[in-house]
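Some notes on the structure that comes next.
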Amino acid sequence: MITETRISSEVLTRAAAVIRCLGHPLRLRLLEALESGEKTVSELQEYAGASQPMVSQHLMVLKAHGIVDLRRQGSHMLYWVTEPKVQGILTCIRARSER
């Protein structure tokens with residue numbers, strides 16, 4: 001018999017949504033770039049090697065799921081990671097790739 005505390009349905013639903021959102025290589029690459037702090041769309045484009053429309057589209061998906069946020073600084077939009085679990089997820093991905 002399982003005696004551990006069950007995870008609430010609400011928590012599982014949120015986790016599943018975040019996992020689905022992270023299920024795209026470009027989104028993971030953008031989050032990797034944001035690990036070191038705020039970045040502009042231009043910096044993210046360069047890091048990811050993707051077009052501005054593609055980067056912006058994926059950033060909006062990440063923002064809609066509460067994984068990143070943004071602020072305007074002059075004519076630039078700066079993005080950063082707001083979901084604290086992202087660091088752990090990227091660490092797990094790196095550990096898996098080292099096997």
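Ordering of the structure tokens sets the chain letters (A, B, ...), residue numbers begin anew at 1 in every chain, and ligands are numbered from 1 in the order given.
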Expected answer as a ChimeraX atom specification: helix (DSSP H, G or I) residues in stretch 12-57 of chain A
/A:12-21,25-34,41-48,52-57
Residues within 10 Å of A:Leu28, only C-alpha atoms, excluding chain neighbours under 3 positions, as a list in words:
Cys21, Leu22, Gly23, His24, Pro25, Leu31, Glu32, Ala33, Leu34, Ala48, His58, Leu62, Val86, Ile89, Leu90 and Ile93 of chain A
Go ahead and dump the residues you just picked, all heavy atoms, as a CSV table (one decimal), in the first residue's frame.
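Wrote it out as again_0.csv, contents follow:
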chain,number,residue,atom,x,y,z
A,21,CYS,N,4.5,22.7,-22.1
A,21,CYS,CA,5.1,23.9,-22.6
A,21,CYS,C,6.5,23.8,-22.9
A,21,CYS,O,7.1,24.3,-23.9
A,21,CYS,CB,4.8,25.0,-21.6
A,21,CYS,SG,5.4,26.6,-22.1
A,22,LEU,N,7.2,23.0,-22.0
A,22,LEU,CA,8.7,22.9,-22.2
A,22,LEU,C,9.0,21.8,-23.2
A,22,LEU,O,10.2,21.6,-23.5
A,22,LEU,CB,9.3,22.5,-20.8
A,22,LEU,CG,9.2,23.6,-19.7
A,22,LEU,CD1,9.8,23.1,-18.5
A,22,LEU,CD2,9.7,24.9,-20.2
A,23,GLY,N,8.1,21.2,-23.8
A,23,GLY,CA,8.3,20.1,-24.7
A,23,GLY,C,8.7,20.5,-26.1
A,23,GLY,O,8.4,19.8,-27.1
A,24,HIS,N,9.4,21.6,-26.3
A,24,HIS,CA,9.8,22.1,-27.6
A,24,HIS,C,11.3,22.5,-27.4
A,24,HIS,O,11.7,23.3,-26.5
A,24,HIS,CB,9.0,23.3,-28.0
A,24,HIS,CG,9.2,23.6,-29.5
A,24,HIS,ND1,10.4,24.3,-29.9
A,24,HIS,CD2,8.5,23.4,-30.6
A,24,HIS,CE1,10.3,24.4,-31.2
A,24,HIS,NE2,9.1,23.9,-31.6
A,25,PRO,N,12.1,22.0,-28.3
A,25,PRO,CA,13.6,22.3,-28.2
A,25,PRO,C,13.9,23.8,-28.2
A,25,PRO,O,14.8,24.2,-27.5
A,25,PRO,CB,14.2,21.6,-29.5
A,25,PRO,CG,13.2,20.5,-29.8
A,25,PRO,CD,11.9,21.1,-29.4
A,31,LEU,N,15.2,29.1,-22.6
A,31,LEU,CA,15.3,29.1,-21.2
A,31,LEU,C,16.8,28.9,-20.8
A,31,LEU,O,17.2,29.4,-19.8
A,31,LEU,CB,14.4,28.0,-20.6
A,31,LEU,CG,12.9,28.2,-20.7
A,31,LEU,CD1,12.1,27.0,-20.4
A,31,LEU,CD2,12.5,29.4,-19.9
A,32,GLU,N,17.5,28.1,-21.5
A,32,GLU,CA,18.9,27.9,-21.3
A,32,GLU,C,19.6,29.3,-21.4
A,32,GLU,O,20.5,29.6,-20.5
A,32,GLU,CB,19.5,26.9,-22.3
A,32,GLU,CG,21.0,26.7,-22.1
A,32,GLU,CD,21.6,25.8,-23.2
A,32,GLU,OE1,21.2,25.9,-24.4
A,32,GLU,OE2,22.4,24.9,-22.8
A,33,ALA,N,19.3,30.0,-22.4
A,33,ALA,CA,19.9,31.4,-22.5
A,33,ALA,C,19.5,32.3,-21.4
A,33,ALA,O,20.4,33.1,-20.9
A,33,ALA,CB,19.5,32.0,-23.8
A,34,LEU,N,18.3,32.1,-20.9
A,34,LEU,CA,17.9,33.0,-19.8
A,34,LEU,C,18.3,32.6,-18.4
A,34,LEU,O,18.1,33.3,-17.4
A,34,LEU,CB,16.3,33.1,-19.8
A,34,LEU,CG,15.7,33.8,-21.0
A,34,LEU,CD1,14.2,33.5,-21.1
A,34,LEU,CD2,16.1,35.2,-21.0
A,48,ALA,N,19.9,31.4,-29.9
A,48,ALA,CA,19.1,30.2,-30.4
A,48,ALA,C,19.3,30.0,-31.9
A,48,ALA,O,19.0,28.9,-32.3
A,48,ALA,CB,17.6,30.4,-30.1
A,58,HIS,N,7.6,31.8,-29.4
A,58,HIS,CA,7.8,30.8,-28.3
A,58,HIS,C,8.0,31.5,-27.0
A,58,HIS,O,7.5,30.9,-26.0
A,58,HIS,CB,9.1,30.0,-28.7
A,58,HIS,CG,8.8,29.0,-29.7
A,58,HIS,ND1,8.2,27.8,-29.4
A,58,HIS,CD2,9.1,29.0,-31.0
A,58,HIS,CE1,8.0,27.1,-30.5
A,58,HIS,NE2,8.6,27.8,-31.5
A,62,LEU,N,5.8,30.7,-23.5
A,62,LEU,CA,6.4,30.6,-22.2
A,62,LEU,C,5.8,31.6,-21.2
A,62,LEU,O,5.5,31.3,-20.1
A,62,LEU,CB,7.9,30.8,-22.3
A,62,LEU,CG,8.7,29.7,-23.0
A,62,LEU,CD1,10.1,30.1,-23.3
A,62,LEU,CD2,8.7,28.4,-22.1
A,86,VAL,N,12.6,25.7,-13.4
A,86,VAL,CA,13.3,25.6,-14.7
A,86,VAL,C,14.8,25.3,-14.5
A,86,VAL,O,15.3,24.4,-15.3
A,86,VAL,CB,13.2,27.0,-15.5
A,86,VAL,CG1,14.1,27.0,-16.7
A,86,VAL,CG2,11.7,27.1,-16.0
A,89,ILE,N,15.0,21.6,-14.0
A,89,ILE,CA,14.7,20.8,-15.2
A,89,ILE,C,15.9,20.8,-16.2
A,89,ILE,O,16.3,19.8,-16.7
A,89,ILE,CB,13.4,21.4,-15.9
A,89,ILE,CG1,12.2,21.1,-15.0
A,89,ILE,CG2,13.2,20.8,-17.3
A,89,ILE,CD1,11.0,21.9,-15.3
A,90,LEU,N,16.5,22.0,-16.4
A,90,LEU,CA,17.7,22.1,-17.3
A,90,LEU,C,18.8,21.3,-16.7
A,90,LEU,O,19.6,20.6,-17.5
A,90,LEU,CB,18.0,23.5,-17.5
A,90,LEU,CG,17.0,24.3,-18.3
A,90,LEU,CD1,17.4,25.8,-18.3
A,90,LEU,CD2,16.9,23.8,-19.7
A,93,ILE,N,18.2,17.7,-17.6
A,93,ILE,CA,18.4,17.4,-19.0
A,93,ILE,C,19.9,17.3,-19.2
A,93,ILE,O,20.4,16.4,-19.9
A,93,ILE,CB,17.8,18.6,-19.8
A,93,ILE,CG1,16.3,18.5,-19.8
A,93,ILE,CG2,18.3,18.5,-21.3
A,93,ILE,CD1,15.6,19.7,-20.4
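The residues of chain A that DSSP classifies as strand (DSSP E), using the backbone of this structure, are Lys39, Thr40, Val68, Asp69, Leu70, Arg71, Arg72, Gln73, His76, Met77, Leu78, Tyr79, Trp80 and Val81 of chain A.
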Output file for the selection above: N, CA, C and O atoms, as a PDB file, in the first residue's frame:
ATOM      1  N   LYS A  39      17.491  38.827 -20.916  1.00  0.00           N
ATOM      2  CA  LYS A  39      18.001  38.937 -22.286  1.00  0.00           C
ATOM      3  C   LYS A  39      16.960  39.632 -23.152  1.00  0.00           C
ATOM      4  O   LYS A  39      15.764  39.508 -22.929  1.00  0.00           O
ATOM      5  N   THR A  40      17.437  40.337 -24.174  1.00  0.00           N
ATOM      6  CA  THR A  40      16.550  40.926 -25.171  1.00  0.00           C
ATOM      7  C   THR A  40      16.197  39.861 -26.203  1.00  0.00           C
ATOM      8  O   THR A  40      16.859  38.820 -26.299  1.00  0.00           O
ATOM      9  N   VAL A  68       8.151  32.629 -18.061  1.00  0.00           N
ATOM     10  CA  VAL A  68       8.981  33.829 -18.214  1.00  0.00           C
ATOM     11  C   VAL A  68       8.095  35.056 -18.049  1.00  0.00           C
ATOM     12  O   VAL A  68       6.870  34.973 -18.115  1.00  0.00           O
ATOM     13  N   ASP A  69       8.751  36.188 -17.864  1.00  0.00           N
ATOM     14  CA  ASP A  69       8.042  37.463 -17.858  1.00  0.00           C
ATOM     15  C   ASP A  69       8.890  38.454 -18.641  1.00  0.00           C
ATOM     16  O   ASP A  69      10.023  38.141 -19.019  1.00  0.00           O
ATOM     17  N   LEU A  70       8.346  39.628 -18.890  1.00  0.00           N
ATOM     18  CA  LEU A  70       9.061  40.608 -19.684  1.00  0.00           C
ATOM     19  C   LEU A  70       8.822  42.007 -19.159  1.00  0.00           C
ATOM     20  O   LEU A  70       7.864  42.248 -18.432  1.00  0.00           O
ATOM     21  N   ARG A  71       9.728  42.889 -19.548  1.00  0.00           N
ATOM     22  CA  ARG A  71       9.571  44.317 -19.259  1.00  0.00           C
ATOM     23  C   ARG A  71      10.198  45.082 -20.415  1.00  0.00           C
ATOM     24  O   ARG A  71      11.085  44.584 -21.100  1.00  0.00           O
ATOM     25  N   ARG A  72       9.694  46.276 -20.598  1.00  0.00           N
ATOM     26  CA  ARG A  72      10.222  47.138 -21.660  1.00  0.00           C
ATOM     27  C   ARG A  72      11.334  48.002 -21.080  1.00  0.00           C
ATOM     28  O   ARG A  72      11.220  48.550 -19.992  1.00  0.00           O
ATOM     29  N   GLN A  73      12.421  48.094 -21.842  1.00  0.00           N
ATOM     30  CA  GLN A  73      13.504  49.015 -21.506  1.00  0.00           C
ATOM     31  C   GLN A  73      13.831  49.767 -22.788  1.00  0.00           C
ATOM     32  O   GLN A  73      14.497  49.231 -23.676  1.00  0.00           O
ATOM     33  N   HIS A  76      13.559  48.030 -26.283  1.00  0.00           N
ATOM     34  CA  HIS A  76      13.807  46.594 -26.127  1.00  0.00           C
ATOM     35  C   HIS A  76      12.850  45.963 -25.126  1.00  0.00           C
ATOM     36  O   HIS A  76      12.445  46.593 -24.155  1.00  0.00           O
ATOM     37  N   MET A  77      12.546  44.689 -25.380  1.00  0.00           N
ATOM     38  CA  MET A  77      11.791  43.889 -24.426  1.00  0.00           C
ATOM     39  C   MET A  77      12.793  42.932 -23.787  1.00  0.00           C
ATOM     40  O   MET A  77      13.521  42.222 -24.488  1.00  0.00           O
ATOM     41  N   LEU A  78      12.843  42.933 -22.470  1.00  0.00           N
ATOM     42  CA  LEU A  78      13.738  42.058 -21.731  1.00  0.00           C
ATOM     43  C   LEU A  78      12.935  40.928 -21.100  1.00  0.00           C
ATOM     44  O   LEU A  78      11.899  41.175 -20.473  1.00  0.00           O
ATOM     45  N   TYR A  79      13.423  39.711 -21.274  1.00  0.00           N
ATOM     46  CA  TYR A  79      12.760  38.524 -20.735  1.00  0.00           C
ATOM     47  C   TYR A  79      13.620  37.902 -19.651  1.00  0.00           C
ATOM     48  O   TYR A  79      14.842  37.987 -19.691  1.00  0.00           O
ATOM     49  N   TRP A  80      12.970  37.266 -18.679  1.00  0.00           N
ATOM     50  CA  TRP A  80      13.671  36.520 -17.642  1.00  0.00           C
ATOM     51  C   TRP A  80      12.783  35.363 -17.184  1.00  0.00           C
ATOM     52  O   TRP A  80      11.574  35.366 -17.415  1.00  0.00           O
ATOM     53  N   VAL A  81      13.388  34.382 -16.541  1.00  0.00           N
ATOM     54  CA  VAL A  81      12.683  33.200 -16.057  1.00  0.00           C
ATOM     55  C   VAL A  81      12.008  33.537 -14.723  1.00  0.00           C
ATOM     56  O   VAL A  81      12.642  34.077 -13.822  1.00  0.00           O
TER      57      VAL A  81
END
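Taking atom CA of A:Glu35 and atom CA of A:Lys63 as endpoints, the distance between them is 15.4 Å.
Distances to A:Ala50 were evaluated for A:Arg20, A:Arg94, A:Lys85, A:Arg29 using only C-alpha atoms, and the minimum falls at A:Arg29.
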Determine the nearest neighbour of A:Met54 from the options A:Arg27, A:Thr13, A:Arg6, A:Cys92, counting only C-alpha atoms.
A:Arg27
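From atom CA of A:Ile67 back to atom CA of A:Pro84, the distance works out to 8.4 Å.
As for atom CA of A:Ser42 and atom CA of A:Leu59, they are spaced 12.3 Å apart.
If you measure from each of A:Gly88, A:Gly74, A:Leu30, A:Ile19 to A:Val55 using only C-alpha atoms, the closest one turns out to be A:Leu30.
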For A:Glu83, which of A:Ser9, A:Met60, A:Gln52, A:Gly66 is the closest residue, counting only C-alpha atoms?
A:Gly66
